[in-house]
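Visitor: Contents are compact mmCIF, C-alpha atoms; file name final_6.txt:
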```txt
# COMPACT_ATOMS: atom_id res chain seq x y z
CA ARG A 332 145.05 127.74 15.15
CA ILE A 333 142.84 128.22 18.20
CA MET A 334 144.36 131.66 18.78
CA ILE A 335 143.73 132.64 15.14
CA CYS A 336 140.12 131.45 15.28
CA TYR A 337 139.55 133.22 18.59
CA ASN A 338 140.84 136.54 17.26
CA ILE A 339 138.80 136.19 14.07
CA GLY A 340 135.75 135.85 16.32
CA VAL A 341 136.74 138.93 18.33
CA ILE A 342 137.28 141.05 15.21
CA GLY A 343 134.12 139.80 13.49
CA ALA A 344 132.01 140.35 16.60
CA ALA A 345 133.43 143.86 17.03
CA LEU A 346 132.60 144.74 13.41
CA LEU A 347 129.04 143.48 13.72
CA TYR A 348 128.60 145.24 17.07
CA MET A 349 129.76 148.57 15.65
CA ALA A 350 127.43 148.24 12.65
CA CYS A 351 124.34 146.94 14.52
CA ASP A 352 124.60 148.51 18.00
CA ALA A 353 127.54 150.86 18.72
CA HIS A 354 126.03 152.18 21.99
CA THR A 355 125.24 149.45 24.53
CA PRO A 356 128.07 148.51 26.93
CA VAL A 357 129.93 145.29 26.11
CA VAL A 358 132.12 143.20 28.43
CA GLY A 359 133.82 139.82 28.39
CA CYS A 360 135.03 137.62 25.53
CA SER A 361 131.74 136.51 23.99
CA GLY A 362 132.82 137.11 20.38
CA GLY A 363 135.91 134.95 20.67
CA SER A 364 134.03 132.27 22.63
CA TYR A 365 130.98 132.03 20.40
CA ILE A 366 133.05 131.48 17.28
CA PHE A 367 133.82 128.00 18.67
CA VAL A 368 130.12 127.42 19.31
CA GLY A 369 129.40 128.28 15.67
CA MET A 370 132.23 126.11 14.38
CA HIS A 371 131.08 123.19 16.53
CA ILE A 372 127.51 123.44 15.22
CA MET A 373 128.72 123.65 11.61
CA ASP A 374 130.92 120.61 12.17
CA ILE A 375 127.89 118.65 13.38
CA ILE A 376 125.82 119.82 10.40
CA LEU A 377 128.40 118.99 7.71
CA ASN A 378 129.50 115.70 9.27
CA PHE A 379 126.14 114.65 10.67
CA ARG A 380 126.18 111.08 9.32
CA ALA A 381 129.72 110.38 10.48
CA LYS A 382 129.36 111.84 13.98
CA ARG A 383 128.84 109.70 17.04
CA PHE A 384 126.57 111.09 19.77
CA LYS A 385 125.64 113.91 17.41
CA ILE A 386 122.20 114.50 18.91
CA ALA A 387 123.53 114.53 22.47
CA THR A 388 126.40 116.84 21.47
CA LEU A 389 124.07 119.26 19.66
CA LEU A 390 121.64 119.30 22.59
CA LEU A 391 124.49 119.98 25.02
CA VAL A 392 125.72 122.92 22.92
CA LEU A 393 122.20 124.34 22.63
CA ILE A 394 121.62 123.94 26.38
CA LEU A 395 124.85 125.82 27.17
CA VAL A 396 123.91 128.59 24.75
CA GLY A 397 120.39 128.71 26.19
CA LEU A 398 121.76 129.03 29.73
CA ASP A 399 124.05 131.85 28.62
CA TYR A 400 121.24 133.72 26.89
CA GLY A 401 118.87 133.05 29.79
CA THR A 402 121.39 134.57 32.18
CA TYR A 403 121.67 137.56 29.85
CA PHE A 404 117.92 138.22 29.88
CA VAL A 405 117.75 137.83 33.67
CA MET A 406 120.61 140.28 34.13
CA SER A 407 118.94 142.67 31.65
CA LEU A 408 116.25 143.32 34.26
CA ASP A 409 118.85 145.41 36.07
CA GLN A 410 119.41 149.07 35.20
CA GLU A 411 122.30 148.29 32.90
CA GLN A 412 122.49 145.66 30.19
CA THR A 413 125.07 144.49 27.68
CA SER A 414 124.73 143.92 23.96
CA LEU A 415 123.96 140.57 22.35
CA TRP A 416 125.56 141.50 19.05
CA PRO A 417 129.07 140.26 19.97
CA HIS A 418 127.54 136.85 20.75
CA ILE A 419 125.66 136.86 17.44
CA GLY A 420 128.70 138.07 15.52
CA GLY A 421 130.95 135.42 17.02
CA ALA A 422 128.43 132.67 16.25
CA ILE A 423 127.95 133.87 12.65
CA PHE A 424 131.67 133.96 11.99
CA GLY A 425 132.00 130.56 13.69
CA LEU A 426 129.46 129.06 11.28
CA VAL A 427 131.19 130.73 8.35
CA LEU A 428 134.73 129.78 9.40
CA GLY A 429 133.63 126.24 10.24
CA GLY A 430 131.97 125.89 6.84
CA ILE A 431 135.08 127.16 5.07
CA ALA A 432 137.54 125.02 7.04
CA ILE A 433 135.54 121.78 6.91
CA SER A 434 134.53 122.20 3.25
CA ALA A 435 138.10 122.97 2.19
CA GLU A 436 139.36 119.91 4.06
CA LYS A 437 136.70 117.68 2.50
CA VAL A 438 137.34 119.03 -0.99
CA GLY A 439 141.04 118.22 -0.66
CA HIS A 440 140.26 114.76 0.73
CA THR A 441 137.78 114.05 -2.09
CA LYS A 442 140.28 115.11 -4.74
CA LYS A 443 142.98 112.94 -3.20
CA ASN A 444 140.82 109.83 -3.11
CA SER A 445 138.87 110.28 -6.34
CA THR A 446 139.62 108.08 -9.32
CA THR A 447 138.49 108.44 -12.91
CA PRO A 448 136.85 105.28 -14.28
CA ARG A 449 138.67 103.73 -17.22
CA PRO A 450 136.91 102.45 -20.36
CA GLU A 451 138.21 98.93 -19.80
CA ASP A 452 136.56 98.90 -16.37
CA ALA A 453 133.15 99.50 -17.93
CA SER A 454 133.79 96.91 -20.65
CA VAL A 455 134.19 94.14 -18.08
CA GLY A 456 131.00 95.19 -16.36
CA SER A 457 132.52 97.08 -13.45
CA GLN A 458 129.90 99.75 -12.84
CA GLU A 459 130.91 100.29 -9.23
CA SER A 460 133.86 102.49 -10.14
CA ILE A 461 131.63 104.67 -12.32
CA ILE A 462 129.02 105.04 -9.57
CA GLN A 463 131.72 105.80 -7.05
CA ALA A 464 133.27 108.44 -9.30
CA ARG A 465 129.90 110.11 -9.84
CA THR A 466 129.21 110.08 -6.10
CA LEU A 467 132.59 111.63 -5.39
CA LYS A 468 131.98 114.25 -8.06
CA ARG A 469 128.62 115.22 -6.56
CA ALA A 470 130.20 115.37 -3.11
CA ARG A 471 133.00 117.57 -4.45
CA ILE A 472 130.49 119.92 -6.09
CA ALA A 473 128.49 120.14 -2.84
CA ARG A 474 131.63 120.88 -0.83
CA TRP A 475 132.72 123.54 -3.31
CA GLY A 476 129.25 125.06 -3.11
CA CYS A 477 129.36 125.16 0.69
CA LEU A 478 132.88 126.60 0.62
CA SER A 479 131.87 129.31 -1.87
CA LEU A 480 128.67 130.19 0.00
CA CYS A 481 130.39 130.45 3.40
CA SER A 482 133.21 132.51 1.90
CA ALA A 483 130.73 134.86 0.21
CA ILE A 484 128.76 135.32 3.43
CA GLY A 485 131.88 135.90 5.52
CA PHE A 486 133.48 138.42 3.18
CA GLY A 487 130.08 140.02 2.56
CA VAL A 488 129.46 140.63 6.27
CA ILE A 489 133.00 141.94 6.76
CA GLY A 490 132.73 144.20 3.72
CA PHE A 491 129.34 145.59 4.72
CA CYS A 492 130.37 146.28 8.31
CA ALA A 493 133.64 147.91 7.26
CA TRP A 494 131.86 150.04 4.65
CA PHE A 495 129.14 151.12 7.07
CA ILE A 496 131.60 152.02 9.83
CA ALA A 497 133.83 153.95 7.42
CA THR A 498 131.07 155.90 5.65
CA GLN A 499 128.16 156.25 8.08
CA GLN A 500 129.92 156.87 11.39
CA GLU A 501 132.00 159.87 10.37
CA GLN A 502 129.83 162.25 12.42
CA GLY A 503 129.48 160.00 15.46
CA ALA A 504 128.44 156.57 16.66
CA ILE A 505 125.33 155.31 14.86
CA ASN A 506 124.12 151.83 14.01
CA PHE A 507 122.42 150.39 10.95
CA TRP A 508 118.91 150.58 12.44
CA GLU A 509 119.28 154.19 13.58
CA ASN A 510 120.68 155.17 10.20
CA GLY A 511 117.68 153.60 8.45
CA ALA A 512 115.29 155.46 10.75
CA GLY A 513 117.04 158.79 10.15
CA THR A 514 118.28 159.12 13.75
CA GLU A 515 121.18 161.45 14.45
CA PRO A 516 124.39 159.87 15.81
CA TRP A 517 125.47 160.08 19.43
CA CYS A 518 128.43 158.71 21.40
CA TRP A 519 127.73 159.20 25.13
CA MET A 520 124.87 159.54 27.61
CA GLY A 521 124.69 160.07 31.35
CA GLN A 522 122.37 161.27 34.08
CA ILE A 523 122.72 164.39 36.23
CA TRP A 524 121.12 165.46 39.46
CA ASN A 525 120.89 169.23 39.68
CA VAL A 526 118.58 170.71 42.32
CA SER A 527 118.40 173.99 40.44
CA VAL A 528 116.75 172.16 37.55
CA ASP A 529 114.88 169.28 39.25
CA GLU A 530 115.46 168.42 42.88
CA TYR A 531 113.49 165.16 42.72
CA ASN A 532 114.67 163.37 39.57
CA TRP A 533 117.81 162.37 37.76
CA LEU A 534 117.91 163.87 34.25
CA CYS A 535 119.33 162.24 31.13
CA VAL A 536 121.83 164.07 28.93
CA ARG A 537 123.34 162.92 25.64
CA CYS A 538 126.38 164.09 23.66
CA ASN A 539 127.96 163.59 20.26
CA SER A 540 131.34 165.22 20.97
CA LYS A 541 134.09 165.14 23.57
CA SER A 542 133.66 168.85 24.28
CA CYS A 543 130.05 168.24 25.27
CA MET A 544 131.09 165.38 27.55
CA ASP A 545 133.82 167.50 29.16
CA GLU A 546 131.38 170.34 29.73
CA TRP A 547 128.93 168.16 31.63
CA ALA A 548 131.75 166.54 33.61
CA SER A 549 133.17 169.91 34.69
CA THR A 550 129.89 171.68 35.50
CA GLN A 551 127.94 168.97 37.35
CA ASP A 552 128.60 167.71 40.85
CA PHE A 553 126.45 164.61 40.37
CA LEU A 554 127.01 162.81 37.07
CA GLU A 555 126.46 159.05 36.76
CA PRO A 556 126.21 156.40 34.02
CA VAL A 557 122.73 155.46 32.85
CA SER A 558 121.11 152.81 30.66
CA THR A 559 119.70 153.52 27.22
CA ILE A 560 116.35 151.95 28.16
CA TYR A 561 115.92 154.26 31.15
CA CYS A 562 116.64 157.42 29.17
CA ARG A 563 114.45 156.43 26.26
CA ALA A 564 111.56 155.92 28.69
CA GLN A 565 112.20 159.13 30.65
CA GLY A 566 113.32 161.41 27.82
CA PHE A 567 116.35 163.68 27.64
CA TYR A 568 116.87 166.93 29.47
CA SER A 569 119.65 167.81 27.02
CA ASP A 570 120.48 166.22 23.69
CA GLU A 571 123.40 167.47 21.56
CA ARG A 572 122.43 165.44 18.48
```
Rewrite the structure from the file as C-alpha cells, please.
Guide:
Amino acid sequence: RIMICYNIGVIGAALLYMACDAHTPVVGCSGGSYIFVGMHIMDIILNFRAKRFKIATLLLVLILVGLDYGTYFVMSLDQEQTSLWPHIGGAIFGLVLGGIAISAEKVGHTKKNSTTPRPEDASVGSQESIIQARTLKRARIARWGCLSLCSAIGFGVIGFCAWFIATQQEQGAINFWENGAGTEPWCWMGQIWNVSVDEYNWLCVRCNSKSCMDEWASTQDFLEPVSTIYCRAQGFYSDER
C-alpha cells in the first residue's frame, strides 16, 4: 500500500508540474514523499478528537515542512533553482487520498456498527438508541460528503492536468500561466559565449524544437545551462518561439 501511495504521489506531482510549470528543473522524490505529509495532515484533521498528541504531531509535521521549504528558498539564491510544484502536487494528492481512504474506512465502520431503532424501544422510553442512530446517520452523511468532495477534487485535478497537457502542449512545453498570458511555448534554454557577438557577456538562447537545440550545440564552442530567472532579467539573444 505504501508503494501504491508513493507512486500516486509521483504521478500526481508530475501532472501538476507539467500543467503549472513545465520548465524549471526538478530533482529528487518530493512528489512521492509529500503525499505522506498530506495524508498525515488529513488523518489528524479527520480524527482530531480521537488522536493523542495531535497538536505536537501537527507542529512536528509543519516544522519539517517549514525546514524543507526554508532550505528550498535558501538554495534558490543560487543561479539554479528547482520547482516547488512537485511538492505542492504531492501534498494535494496526499490530502485527497487521505480524505478518500479515511472517509471510506469510517463509512464502512459506521455502517457495520449502526443499528436501526425499533418501535418497541421507543415505547419503553429508550431514547438513547434513537439519538445514537441519528448521530451515526449524521456521521455517515459527513463521511460520505468528505469522500465525495475529496474524490471530486482528485479526479478534477487529474482530469484538468491531463486535458491541458494533451491539448495545450502540442506545439511545445507551456504551462497554465503562460498559456493564459498568451506566451509562446518553449522547451529548452541555454547560454552561449561567442566573442564574435559579445566578448564580455554570456548570452541567453531559447528553443522550441530539437533541431534548434542541435544547431546551437554543434555551432557553439561554449554552451552552458542557465536559469530562467537569469535569462528573464538579461533578455534573450535568440528566441525560437
Visitor: Using all atoms listed in the file, pick whichever of A:Gly521, A:Thr514, A:Gln565, A:Leu377 has the shortest atom-to-atom distance to Asp545 in chain A.
Guide: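 That would be A:Gly521, the residue with the smallest distance to Asp545 in chain A.
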Visitor: Counting all atoms listed in the file, figure out which residue out of A:Ser527, A:Ile489, A:Gly503, A:Gly430 gets nearest to Ala473 in chain A.
Guide: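 The answer is A:Gly430, which sits nearest to Ala473 in chain A.
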Visitor: Which one is closest to Asp374 in chain A: A:Cys360, A:Leu426, A:Ile419, A:Cys481? Count only C-alpha atoms.
Guide: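 Of A:Cys360, A:Leu426, A:Ile419, A:Cys481, the one nearest Asp374 in chain A, counting only C-alpha atoms, is A:Leu426.
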Visitor: Between A:Ala345, A:Gln499, A:Trp519, A:Ser434, which is the closest to Ser479 in chain A once you count all atoms listed in the file?
Guide: A:Ser434
Visitor: Using all atoms listed in the file - which residues lie no farther than 12 Å from the point (123.5, 167.4, 39.5) in the file's frame? Write them as a list of chain:residue names.
Guide: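 Counting all atoms listed in the file, I find these residues within 12 Å of (123.5, 167.4, 39.5): A:Gly521, A:Gln522, A:Ile523, A:Trp524, A:Asn525, A:Val526, A:Ser527, A:Val528, A:Asp529, A:Glu530, A:Tyr531, A:Asn532, A:Trp533, A:Leu534, A:Cys535, A:Val536, A:Trp547, A:Ala548, A:Ser549, A:Thr550, A:Gln551, A:Asp552, A:Phe553, A:Leu554, A:Glu555.
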Visitor: Quick check, in Å to one decimal: how far apart do CA of Arg332 in chain A and CA of Ala432 in chain A lie?
Guide: 11.4 Å
Visitor: Identify, on the basis of all atoms listed in the file, every residue whose closest approach to Ser540 in chain A does not exceed 10 Å; exclude the query and any residue fewer than 2 positions from it along the same chain; express the result as a PyMOL selection string.
Guide: chain A and resi 502-503+517-519+537-538+542-545+571-572
Visitor: For the atom pair CA of Trp508 in chain A and CA of Ile560 in chain A, what is the interatomic distance in Å to one decimal place?
Guide: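 The value is 16.0 Å.
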Visitor: Between A:Arg465, A:Leu346, A:Gly362, A:Ala387, which one has atoms that come closest to Trp494 in chain A, using all atoms listed in the file?
Guide: A:Leu346
Visitor: For each of A:Ile342, A:Ala422, A:Val405, A:Ala381, take the minimum atom-to-atom distance to Ile366 in chain A, counting all atoms listed in the file, then give the residue where this is smallest.
Guide: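 Closest to Ile366 in chain A, using all atoms listed in the file: A:Ala422.
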Visitor: Mind giving me the straight-line distance from CA of Ala353 in chain A to CA of Leu395 in chain A in Å, one decimal?
Guide: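 These two atoms are separated by 26.6 Å.
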Visitor: Residues proximal to (129.1, 106.8, 3.3) were defined as those with any atom within 12 Å of that point in the file's coordinates, counting all atoms listed in the file. Which are they, as JSON, numbers by chain?
Guide: {"A": [378, 379, 380, 381, 382, 463, 466, 467, 470]}
